[in-house]
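Trainee: Below is the file coords14.tsv, with TSV, C-alpha atoms.
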chain	number	residue	atom	x	y	z
A	1	MET	CA	-25.32	-31.15	29.69
A	2	GLY	CA	-22.77	-29.75	32.14
A	3	THR	CA	-22.30	-26.15	33.10
A	4	ASN	CA	-18.52	-25.98	33.07
A	5	THR	CA	-15.89	-26.77	30.50
A	6	LEU	CA	-12.49	-27.56	31.97
A	7	ASN	CA	-9.35	-27.25	29.90
A	8	LEU	CA	-5.99	-28.82	30.59
A	9	GLY	CA	-4.00	-26.58	32.91
A	10	ASP	CA	-7.11	-25.05	34.49
A	11	GLN	CA	-7.46	-24.91	38.25
A	12	PHE	CA	-9.64	-27.88	39.17
A	13	PRO	CA	-12.64	-26.70	41.22
A	14	ASN	CA	-12.73	-27.57	44.88
A	15	PHE	CA	-15.85	-29.23	46.26
A	16	GLN	CA	-17.28	-30.84	49.38
A	17	ALA	CA	-18.92	-34.26	49.14
A	18	GLU	CA	-20.27	-37.16	51.14
A	19	THR	CA	-18.26	-40.32	50.54
A	20	THR	CA	-17.92	-43.87	51.82
A	21	GLN	CA	-15.12	-42.53	54.04
A	22	GLY	CA	-17.13	-39.58	55.40
A	23	LYS	CA	-17.51	-35.97	54.30
A	24	ILE	CA	-14.51	-34.53	52.47
A	25	ASP	CA	-13.21	-31.23	51.17
A	26	PHE	CA	-11.50	-32.25	47.94
A	27	TYR	CA	-8.45	-30.00	48.28
A	28	LYS	CA	-7.88	-30.95	51.92
A	29	TRP	CA	-8.36	-34.64	51.09
A	30	MET	CA	-5.76	-34.37	48.29
A	31	GLY	CA	-3.20	-32.59	50.47
A	32	GLU	CA	0.11	-32.63	48.54
A	33	SER	CA	-0.88	-35.63	46.43
A	34	TRP	CA	-2.13	-36.02	42.88
A	35	ALA	CA	-5.70	-37.29	42.44
A	36	VAL	CA	-7.58	-39.45	39.94
A	37	LEU	CA	-11.29	-38.66	40.07
A	38	PHE	CA	-13.23	-41.20	38.02
A	39	SER	CA	-16.97	-41.48	37.58
A	40	HIS	CA	-19.02	-44.55	36.70
A	41	PRO	CA	-22.63	-44.86	35.48
A	42	ALA	CA	-24.16	-46.82	38.37
A	43	ASP	CA	-23.63	-49.14	41.33
A	44	TYR	CA	-24.39	-52.85	40.97
A	45	THR	CA	-23.44	-52.90	37.28
A	46	PRO	CA	-20.93	-55.34	35.75
A	47	VAL	CA	-18.33	-53.12	34.07
A	48	CYS	CA	-18.22	-50.67	36.98
A	49	THR	CA	-17.63	-53.55	39.39
A	50	THR	CA	-14.59	-54.67	37.40
A	51	GLU	CA	-13.23	-51.11	37.28
A	52	LEU	CA	-13.51	-50.34	40.98
A	53	ALA	CA	-12.01	-53.74	41.83
A	54	ARG	CA	-9.09	-53.02	39.49
A	55	VAL	CA	-8.41	-49.63	41.09
A	56	ALA	CA	-8.44	-51.24	44.55
A	57	ALA	CA	-5.95	-53.89	43.38
A	58	LEU	CA	-3.69	-51.15	41.96
A	59	MET	CA	-3.63	-49.04	45.16
A	60	PRO	CA	0.07	-49.85	45.82
A	61	GLU	CA	0.90	-48.53	42.33
A	62	PHE	CA	-1.06	-45.32	42.89
A	63	GLU	CA	0.57	-44.86	46.31
A	64	LYS	CA	4.05	-45.28	44.78
A	65	ARG	CA	3.25	-42.32	42.54
A	66	ASN	CA	1.72	-40.19	45.33
A	67	VAL	CA	-1.71	-40.44	43.68
A	68	LYS	CA	-5.07	-40.78	45.45
A	69	PRO	CA	-8.01	-42.31	43.52
A	70	ILE	CA	-11.60	-41.28	44.25
A	71	ALA	CA	-14.72	-42.60	42.51
A	72	LEU	CA	-18.16	-41.05	41.91
A	73	SER	CA	-21.62	-42.02	40.69
A	74	CYS	CA	-25.17	-40.72	41.01
A	75	ASP	CA	-25.99	-43.22	43.76
A	76	THR	CA	-26.10	-42.70	47.51
A	77	VAL	CA	-23.25	-43.42	49.91
A	78	GLU	CA	-25.43	-46.11	51.49
A	79	THR	CA	-25.82	-47.84	48.11
A	80	HIS	CA	-22.05	-47.60	47.56
A	81	LYS	CA	-21.39	-49.24	50.91
A	82	GLY	CA	-23.59	-52.21	50.04
A	83	TRP	CA	-22.03	-52.55	46.59
A	84	ILE	CA	-18.49	-52.49	48.06
A	85	GLU	CA	-19.11	-56.00	49.39
A	86	ASP	CA	-19.70	-57.22	45.82
A	87	ILE	CA	-16.59	-55.41	44.57
A	88	LYS	CA	-14.47	-57.01	47.29
A	89	SER	CA	-15.91	-60.44	46.50
A	90	TYR	CA	-15.41	-60.07	42.73
A	91	GLY	CA	-11.85	-58.79	43.05
A	92	LYS	CA	-10.93	-61.11	45.94
A	93	LEU	CA	-9.98	-58.00	47.90
A	94	PRO	CA	-9.82	-57.50	51.68
A	95	SER	CA	-10.97	-53.88	51.43
A	96	ILE	CA	-11.66	-50.88	49.17
A	97	ASP	CA	-9.22	-48.28	50.44
A	98	TYR	CA	-10.33	-45.24	48.46
A	99	PRO	CA	-13.52	-43.16	48.83
A	100	ILE	CA	-16.59	-43.32	46.57
A	101	ILE	CA	-18.59	-40.09	46.31
A	102	GLY	CA	-22.37	-40.17	46.57
A	103	ASP	CA	-23.87	-37.67	44.09
A	104	LYS	CA	-27.56	-38.62	44.04
A	105	GLU	CA	-28.61	-35.03	43.27
A	106	ARG	CA	-26.06	-34.83	40.43
A	107	LYS	CA	-24.67	-31.51	41.68
A	108	LEU	CA	-21.03	-32.50	41.25
A	109	ALA	CA	-21.68	-34.41	38.01
A	110	LEU	CA	-23.28	-31.28	36.55
A	111	LYS	CA	-20.51	-29.01	37.85
A	112	LEU	CA	-17.85	-31.18	36.22
A	113	ASN	CA	-19.80	-31.95	33.03
A	114	MET	CA	-19.88	-35.69	33.71
A	115	LEU	CA	-23.45	-36.55	32.70
A	116	ASP	CA	-24.12	-38.79	29.69
A	117	LYS	CA	-27.35	-37.86	27.86
A	118	ASP	CA	-27.47	-41.33	26.26
A	119	GLU	CA	-27.32	-43.22	29.58
A	120	ILE	CA	-30.65	-42.89	31.37
A	121	ASN	CA	-31.81	-44.61	34.57
A	122	ALA	CA	-35.25	-46.02	35.38
A	123	GLU	CA	-36.44	-42.58	36.54
A	124	GLY	CA	-35.43	-41.03	33.22
A	125	LEU	CA	-32.46	-39.17	34.71
A	126	PRO	CA	-29.03	-39.09	33.04
A	127	LEU	CA	-26.21	-41.14	34.55
A	128	THR	CA	-22.55	-40.22	34.85
A	129	CYS	CA	-20.29	-41.25	31.98
A	130	ARG	CA	-16.92	-42.95	32.50
A	131	ALA	CA	-14.97	-39.75	33.03
A	132	VAL	CA	-11.38	-39.56	34.30
A	133	PHE	CA	-9.80	-36.39	35.68
A	134	ILE	CA	-6.15	-36.37	36.76
A	135	VAL	CA	-5.31	-33.44	39.04
A	136	ASP	CA	-1.76	-32.64	40.13
A	137	GLU	CA	-0.54	-31.49	43.54
A	138	SER	CA	-1.02	-27.81	42.59
A	139	LYS	CA	-4.72	-28.62	41.89
A	140	LYS	CA	-4.33	-28.17	38.11
A	141	LEU	CA	-6.19	-30.42	35.67
A	142	ARG	CA	-3.53	-32.43	33.84
A	143	LEU	CA	-5.63	-34.92	31.87
A	144	GLN	CA	-9.24	-35.81	31.16
A	145	ILE	CA	-10.67	-38.79	29.28
A	146	LEU	CA	-14.27	-39.79	28.54
A	147	TYR	CA	-15.16	-43.42	27.85
A	148	PRO	CA	-18.53	-44.78	26.69
A	149	ALA	CA	-20.54	-46.77	29.23
A	150	THR	CA	-19.93	-50.08	27.44
A	151	THR	CA	-16.11	-49.74	27.49
A	152	GLY	CA	-14.23	-50.35	30.74
A	153	ARG	CA	-11.16	-48.24	31.35
A	154	ASN	CA	-7.55	-49.41	31.09
A	155	PHE	CA	-6.04	-48.35	34.41
A	156	ASN	CA	-2.58	-49.47	33.34
A	157	GLU	CA	-2.81	-46.74	30.69
A	158	ILE	CA	-3.84	-44.22	33.36
A	159	LEU	CA	-0.76	-45.18	35.42
A	160	ARG	CA	1.41	-44.91	32.27
A	161	VAL	CA	0.14	-41.39	31.59
A	162	ILE	CA	0.77	-40.38	35.21
A	163	ASP	CA	4.35	-41.70	34.88
A	164	SER	CA	4.80	-39.62	31.74
A	165	MET	CA	3.34	-36.44	33.22
A	166	GLN	CA	5.37	-36.70	36.43
A	167	LEU	CA	8.59	-37.37	34.48
A	168	THR	CA	8.06	-34.63	31.89
A	169	GLY	CA	7.13	-32.18	34.65
A	170	ARG	CA	10.61	-32.67	36.13
A	171	GLU	CA	12.64	-32.93	32.92
A	172	SER	CA	12.71	-31.14	29.53
A	173	LEU	CA	11.49	-34.31	27.86
A	174	ALA	CA	8.47	-35.80	26.13
A	175	THR	CA	7.47	-39.46	25.90
A	176	PRO	CA	6.85	-41.12	22.51
A	177	ALA	CA	4.02	-43.37	21.37
A	178	ASP	CA	3.52	-46.47	23.53
A	179	TRP	CA	6.23	-45.34	25.99
A	180	ASN	CA	6.48	-47.10	29.32
A	181	GLN	CA	8.45	-46.34	32.48
A	182	GLY	CA	12.20	-46.78	31.91
A	183	GLU	CA	12.12	-46.52	28.12
A	184	THR	CA	13.73	-44.01	25.76
A	185	CYS	CA	12.44	-40.42	25.86
A	186	MET	CA	12.41	-37.56	23.37
A	187	ILE	CA	14.26	-34.27	23.96
A	188	LEU	CA	12.07	-31.20	23.47
A	189	PRO	CA	12.79	-29.05	20.36
A	190	THR	CA	13.26	-26.03	22.66
A	191	VAL	CA	16.39	-27.63	24.17
A	192	SER	CA	19.61	-27.01	22.21
A	193	ASN	CA	22.18	-29.75	21.63
A	194	GLU	CA	24.54	-27.97	24.04
A	195	GLU	CA	21.89	-27.89	26.76
A	196	ALA	CA	20.98	-31.50	26.04
A	197	SER	CA	24.60	-32.58	26.51
A	198	GLU	CA	24.67	-30.90	29.92
A	199	LYS	CA	21.23	-32.09	31.05
A	200	TYR	CA	21.51	-35.70	29.90
A	201	PRO	CA	24.94	-37.18	30.74
A	202	LYS	CA	23.88	-40.56	29.30
A	203	GLY	CA	23.95	-38.83	25.91
A	204	PHE	CA	21.41	-38.61	23.13
A	205	LYS	CA	20.95	-39.85	19.59
A	206	THR	CA	19.63	-37.79	16.67
A	207	ILE	CA	17.52	-39.78	14.21
A	208	SER	CA	18.10	-39.05	10.53
A	209	VAL	CA	14.96	-38.31	8.51
A	210	PRO	CA	14.47	-37.39	4.81
A	211	SER	CA	13.83	-33.70	5.62
A	212	GLY	CA	17.33	-33.48	7.11
A	213	LYS	CA	15.89	-31.68	10.14
A	214	PRO	CA	17.52	-32.85	13.42
A	215	TYR	CA	14.37	-32.69	15.54
A	216	ILE	CA	14.06	-36.32	16.64
A	217	ARG	CA	16.49	-36.73	19.52
A	218	GLN	CA	16.30	-39.70	21.86
A	219	THR	CA	17.84	-40.12	25.29
A	220	PRO	CA	17.54	-42.79	28.02
A	221	GLN	CA	15.08	-41.97	30.77
A	222	PRO	CA	16.94	-40.13	33.57
Could you render the structure from this file as C-alpha coordinates?
Mentor:
Amino acid sequence: MGTNTLNLGDQFPNFQAETTQGKIDFYKWMGESWAVLFSHPADYTPVCTTELARVAALMPEFEKRNVKPIALSCDTVETHKGWIEDIKSYGKLPSIDYPIIGDKERKLALKLNMLDKDEINAEGLPLTCRAVFIVDESKKLRLQILYPATTGRNFNEILRVIDSMQLTGRESLATPADWNQGETCMILPTVSNEEASEKYPKGFKTISVPSGKPYIRQTPQP
(Lines of atoms letter the chains of each structure in order from A and count residues from 1; the text may use other names and numbers.)
(Lines give C-alpha, C1' and ligand atoms only; values in the text may rest on other atoms or scores of the structure.)
Protein backbone atom coordinates (compact mmCIF):
# COMPACT_ATOMS: atom_id res chain seq x y z
CA MET A 1 0.00 0.00 0.00
CA GLY A 2 3.05 2.26 0.28
CA THR A 3 4.51 4.42 -2.43
CA ASN A 4 8.18 3.72 -1.87
CA THR A 5 10.26 0.58 -1.76
CA LEU A 6 13.48 0.94 0.21
CA ASN A 7 16.37 -1.42 -0.34
CA LEU A 8 19.28 -2.06 1.98
CA GLY A 9 21.99 0.50 1.35
CA ASP A 10 19.54 3.13 0.07
CA GLN A 11 19.62 6.64 1.46
CA PHE A 12 16.86 6.75 4.07
CA PRO A 13 14.48 9.64 3.32
CA ASN A 14 14.53 12.62 5.61
CA PHE A 15 11.25 13.83 7.07
CA GLN A 16 9.78 16.31 9.54
CA ALA A 17 7.31 15.09 12.16
CA GLU A 18 5.48 16.03 15.31
CA THR A 19 6.55 13.88 18.25
CA THR A 20 6.11 13.60 22.00
CA GLN A 21 9.36 15.57 22.28
CA GLY A 22 8.31 18.33 19.86
CA LYS A 23 8.75 18.80 16.11
CA ILE A 24 11.82 17.12 14.64
CA ASP A 25 13.78 16.98 11.41
CA PHE A 26 14.84 13.33 11.29
CA TYR A 27 18.38 13.92 10.01
CA LYS A 28 19.05 16.72 12.49
CA TRP A 29 17.57 14.64 15.32
CA MET A 30 19.86 11.72 14.40
CA GLY A 31 22.99 13.86 14.23
CA GLU A 32 25.97 11.47 14.07
CA SER A 33 24.05 8.59 15.66
CA TRP A 34 22.39 5.48 14.27
CA ALA A 35 18.59 5.29 14.54
CA VAL A 36 15.99 2.57 15.04
CA LEU A 37 12.63 3.72 13.69
CA PHE A 38 9.92 1.27 14.72
CA SER A 39 6.20 1.50 14.07
CA HIS A 40 3.37 -0.08 16.03
CA PRO A 41 -0.31 -0.59 15.11
CA ALA A 42 -1.99 1.55 17.77
CA ASP A 43 -1.77 3.22 21.18
CA TYR A 44 -3.48 1.62 24.17
CA THR A 45 -2.95 -1.92 22.84
CA PRO A 46 -1.31 -4.72 24.85
CA VAL A 47 1.59 -5.89 22.66
CA CYS A 48 2.61 -2.35 21.73
CA THR A 49 2.69 -1.40 25.41
CA THR A 50 5.13 -4.23 26.15
CA GLU A 51 7.33 -3.22 23.20
CA LEU A 52 7.62 0.47 24.02
CA ALA A 53 8.30 -0.37 27.67
CA ARG A 54 11.05 -2.77 26.60
CA VAL A 55 12.73 -0.15 24.41
CA ALA A 56 12.63 2.35 27.28
CA ALA A 57 14.24 -0.22 29.61
CA LEU A 58 16.96 -0.88 27.01
CA MET A 59 17.88 2.80 26.50
CA PRO A 60 21.30 2.37 28.20
CA GLU A 61 22.09 -0.43 25.72
CA PHE A 62 21.07 1.70 22.73
CA GLU A 63 23.10 4.64 24.07
CA LYS A 64 26.18 2.42 24.46
CA ARG A 65 25.94 1.69 20.75
CA ASN A 66 25.29 5.34 19.74
CA VAL A 67 21.75 4.42 18.61
CA LYS A 68 18.61 6.54 19.02
CA PRO A 69 15.21 4.78 19.01
CA ILE A 70 12.09 6.54 17.72
CA ALA A 71 8.57 5.07 17.57
CA LEU A 72 5.60 5.80 15.28
CA SER A 73 1.91 5.00 14.97
CA CYS A 74 -1.15 6.49 13.28
CA ASP A 75 -2.30 8.17 16.50
CA THR A 76 -1.90 11.77 17.60
CA VAL A 77 0.90 13.09 19.78
CA GLU A 78 -1.72 13.91 22.43
CA THR A 79 -2.87 10.27 22.47
CA HIS A 80 0.76 9.12 22.73
CA LYS A 81 1.32 11.38 25.73
CA GLY A 82 -1.64 9.88 27.58
CA TRP A 83 -0.57 6.34 26.72
CA ILE A 84 2.99 6.99 27.96
CA GLU A 85 1.64 6.96 31.51
CA ASP A 86 0.41 3.39 30.98
CA ILE A 87 3.74 2.35 29.44
CA LYS A 88 5.65 3.77 32.41
CA SER A 89 3.31 2.01 34.85
CA TYR A 90 3.50 -1.34 33.02
CA GLY A 91 7.29 -1.25 32.70
CA LYS A 92 7.87 0.28 36.15
CA LEU A 93 9.77 3.06 34.40
CA PRO A 94 10.43 6.63 35.57
CA SER A 95 10.21 8.03 32.04
CA ILE A 96 10.09 7.28 28.30
CA ASP A 97 13.22 8.95 26.98
CA TYR A 98 12.72 8.56 23.24
CA PRO A 99 10.22 10.32 20.95
CA ILE A 100 7.00 8.82 19.56
CA ILE A 101 5.87 10.22 16.20
CA GLY A 102 2.23 11.16 15.67
CA ASP A 103 1.18 10.19 12.12
CA LYS A 104 -2.61 10.49 12.24
CA GLU A 105 -2.80 11.39 8.53
CA ARG A 106 -0.57 8.41 7.64
CA LYS A 107 1.73 10.55 5.49
CA LEU A 108 4.93 9.07 6.88
CA ALA A 109 3.51 5.53 7.09
CA LEU A 110 2.61 5.74 3.39
CA LYS A 111 5.98 7.25 2.45
CA LEU A 112 7.83 4.41 4.20
CA ASN A 113 5.44 1.63 3.16
CA MET A 114 4.49 0.82 6.75
CA LEU A 115 0.73 0.26 6.41
CA ASP A 116 -0.79 -3.18 7.01
CA LYS A 117 -3.84 -3.84 4.80
CA ASP A 118 -5.00 -6.60 7.18
CA GLU A 119 -5.00 -4.37 10.28
CA ILE A 120 -7.94 -1.97 10.11
CA ASN A 121 -9.17 0.48 12.77
CA ALA A 122 -12.76 1.33 13.70
CA GLU A 123 -12.92 3.94 10.91
CA GLY A 124 -11.88 1.34 8.33
CA LEU A 125 -8.40 2.83 7.87
CA PRO A 126 -5.25 0.68 7.75
CA LEU A 127 -2.90 0.70 10.74
CA THR A 128 0.88 0.62 10.75
CA CYS A 129 2.51 -2.81 10.88
CA ARG A 130 5.36 -3.66 13.25
CA ALA A 131 8.11 -2.33 11.00
CA VAL A 132 11.74 -1.81 12.05
CA PHE A 133 14.20 0.35 10.12
CA ILE A 134 17.82 0.62 11.25
CA VAL A 135 19.60 3.64 9.76
CA ASP A 136 23.33 4.24 10.19
CA GLU A 137 25.14 7.52 10.84
CA SER A 138 25.51 8.17 7.09
CA LYS A 139 21.68 7.95 6.81
CA LYS A 140 21.78 4.65 4.89
CA LEU A 141 19.19 1.94 5.51
CA ARG A 142 21.05 -1.01 7.02
CA LEU A 143 18.20 -3.33 8.01
CA GLN A 144 14.43 -3.61 7.80
CA ILE A 145 12.12 -6.18 9.39
CA LEU A 146 8.32 -6.53 9.28
CA TYR A 147 6.48 -8.37 12.04
CA PRO A 148 2.78 -9.29 12.12
CA ALA A 149 0.59 -7.38 14.57
CA THR A 150 0.16 -10.39 16.87
CA THR A 151 3.92 -10.95 17.32
CA GLY A 152 5.90 -8.63 19.58
CA ARG A 153 9.46 -7.86 18.55
CA ASN A 154 12.60 -9.25 20.16
CA PHE A 155 14.66 -6.15 20.90
CA ASN A 156 17.60 -8.22 22.10
CA GLU A 157 17.80 -9.51 18.52
CA ILE A 158 17.72 -5.93 17.22
CA LEU A 159 20.64 -5.04 19.52
CA ARG A 160 22.48 -8.21 18.37
CA VAL A 161 22.09 -7.21 14.71
CA ILE A 162 23.31 -3.68 15.47
CA ASP A 163 26.38 -5.19 17.18
CA SER A 164 27.04 -7.30 14.10
CA MET A 165 26.58 -4.45 11.62
CA GLN A 166 28.79 -2.06 13.59
CA LEU A 167 31.53 -4.71 13.97
CA THR A 168 31.45 -5.88 10.35
CA GLY A 169 31.46 -2.26 9.16
CA ARG A 170 34.82 -1.80 10.88
CA GLU A 171 36.39 -5.18 10.15
CA SER A 172 36.57 -7.57 7.15
CA LEU A 173 34.42 -10.05 9.03
CA ALA A 174 30.98 -11.61 9.04
CA THR A 175 29.07 -13.03 12.00
CA PRO A 176 27.70 -16.60 11.94
CA ALA A 177 24.30 -17.95 12.90
CA ASP A 178 23.25 -17.10 16.47
CA TRP A 179 26.38 -14.97 17.02
CA ASN A 180 26.51 -12.70 20.04
CA GLN A 181 28.92 -9.94 21.06
CA GLY A 182 32.36 -11.35 21.93
CA GLU A 183 31.97 -14.66 20.08
CA THR A 184 33.92 -16.14 17.17
CA CYS A 185 33.59 -14.41 13.78
CA MET A 186 34.05 -15.54 10.19
CA ILE A 187 36.71 -14.10 7.87
CA LEU A 188 35.33 -12.93 4.53
CA PRO A 189 36.27 -15.04 1.45
CA THR A 190 37.71 -11.90 -0.17
CA VAL A 191 40.47 -11.76 2.48
CA SER A 192 43.53 -13.92 1.71
CA ASN A 193 45.25 -16.01 4.39
CA GLU A 194 48.21 -13.60 4.28
CA GLU A 195 45.95 -10.60 4.84
CA ALA A 196 44.09 -12.47 7.57
CA SER A 197 47.35 -13.17 9.41
CA GLU A 198 48.18 -9.46 9.37
CA LYS A 199 44.68 -8.23 10.25
CA TYR A 200 43.93 -10.71 13.03
CA PRO A 201 46.93 -11.20 15.33
CA LYS A 202 44.91 -13.59 17.53
CA GLY A 203 45.07 -15.99 14.58
CA PHE A 204 42.41 -17.92 12.73
CA LYS A 205 41.30 -21.50 12.25
CA THR A 206 40.26 -23.09 8.95
CA ILE A 207 37.48 -25.65 9.28
CA SER A 208 37.85 -28.80 7.19
CA VAL A 209 34.82 -29.73 5.09
CA PRO A 210 34.21 -32.61 2.62
CA SER A 211 34.61 -30.33 -0.43
CA GLY A 212 38.18 -29.59 0.66
CA LYS A 213 37.56 -25.89 0.07
CA PRO A 214 39.15 -23.70 2.80
CA TYR A 215 36.38 -21.11 2.95
CA ILE A 216 35.27 -21.45 6.58
CA ARG A 217 37.79 -19.49 8.61
CA GLN A 218 37.09 -18.49 12.19
CA THR A 219 38.81 -15.86 14.30
CA PRO A 220 38.12 -14.37 17.76
CA GLN A 221 36.23 -11.09 17.72
CA PRO A 222 38.77 -8.22 17.62
Trainee: Nearest residue to Tyr90 of chain A out of A:Ala17, A:Ala56, A:Leu173, A:Leu108, using all atoms listed in the file?
Mentor: A:Ala56
Trainee: Counting all atoms listed in the file, which residues of segment 32-105 of chain A sit at most 8 Å from some atom of segment 133-156 of chain A, and what is each one's closest atom pair with its distance in Å to one decimal, listed by chain and rising residue number, as JSON lines?
Mentor:
{"residue": "A:Glu32", "atom": "CA", "partner": "A:Glu137", "partner_atom": "CA", "distance": 5.2}
{"residue": "A:Ser33", "atom": "CA", "partner": "A:Glu137", "partner_atom": "CA", "distance": 5.1}
{"residue": "A:Trp34", "atom": "CA", "partner": "A:Asp136", "partner_atom": "CA", "distance": 4.4}
{"residue": "A:Ala35", "atom": "CA", "partner": "A:Val135", "partner_atom": "CA", "distance": 5.2}
{"residue": "A:Val36", "atom": "CA", "partner": "A:Ile134", "partner_atom": "CA", "distance": 4.7}
{"residue": "A:Leu37", "atom": "CA", "partner": "A:Phe133", "partner_atom": "CA", "distance": 5.2}
{"residue": "A:Phe38", "atom": "CA", "partner": "A:Phe133", "partner_atom": "CA", "distance": 6.4}
{"residue": "A:His40", "atom": "CA", "partner": "A:Ala149", "partner_atom": "CA", "distance": 7.9}
{"residue": "A:Pro41", "atom": "CA", "partner": "A:Ala149", "partner_atom": "CA", "distance": 6.9}
{"residue": "A:Val47", "atom": "CA", "partner": "A:Gly152", "partner_atom": "CA", "distance": 6.0}
{"residue": "A:Cys48", "atom": "CA", "partner": "A:Gly152", "partner_atom": "CA", "distance": 7.4}
{"residue": "A:Thr50", "atom": "CA", "partner": "A:Gly152", "partner_atom": "CA", "distance": 7.9}
{"residue": "A:Glu51", "atom": "CA", "partner": "A:Gly152", "partner_atom": "CA", "distance": 6.7}
{"residue": "A:Arg54", "atom": "CA", "partner": "A:Phe155", "partner_atom": "CA", "distance": 7.5}
{"residue": "A:Val55", "atom": "CA", "partner": "A:Phe155", "partner_atom": "CA", "distance": 7.2}
Trainee: Go ahead and compute the interatomic distance for atom CA of Leu72 of chain A and atom CA of Ala42 of chain A, in Å to one decimal.
Mentor: 9.0 Å
Trainee: From the list A:Leu112, A:Val77, A:Gln21, A:Thr5, which residue is nearest Asp97 of chain A when using all atoms listed in the file?
Mentor: A:Gln21
Trainee: Please indicate the distance in Å from atom CA of Leu8 of chain A to atom CA of Gly22 of chain A, rounded to one decimal place.
Mentor: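 Atom CA of Leu8 of chain A sits 29.2 Å away from atom CA of Gly22 of chain A.
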Trainee: Please provide as a ChimeraX atom specification all residues within 12 Å of Ile216 of chain A, with the sequence filter that same-chain residues fewer than 5 positions apart are discarded (counting all atoms listed in the file).
Mentor: /A:173-176,184-191,193,204-211
Trainee: Work out how far apart atom CA of Glu171 of chain A and atom CA of Met30 of chain A are and give it in Å to one decimal.
Mentor: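 Atom-to-atom, atom CA of Glu171 of chain A to atom CA of Met30 of chain A, that is 24.0 Å.
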Trainee: Would you please work out which residue, of A:Val161, A:Ile101, A:Leu167, A:Ala131, is nearest to Asp75 of chain A when using all atoms listed in the file?
Mentor: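 Smallest distance to Asp75 of chain A is found for A:Ile101.
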Trainee: Determine the nearest neighbour of Phe15 of chain A from the options A:Glu63, A:Glu85, A:Asp43, A:Asp103, counting all atoms listed in the file.
Mentor: A:Asp103
Trainee: Restricting the calculation to all atoms listed in the file: of A:Asn66, A:Gln11, A:Thr19, A:Gln221, which residue gets closest to Glu183 of chain A?
Mentor: A:Gln221
Trainee: Which residues are close to Thr20 of chain A, i.e. within 8 Å by all atoms listed in the file, leaving aside same-chain residues fewer than 6 positions away? Reply as a list in words.
Mentor: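 In the requested form, the answer reads Val77, Glu78, His80, Lys81, Pro99, Ile100, Ile101 and Gly102 of chain A.
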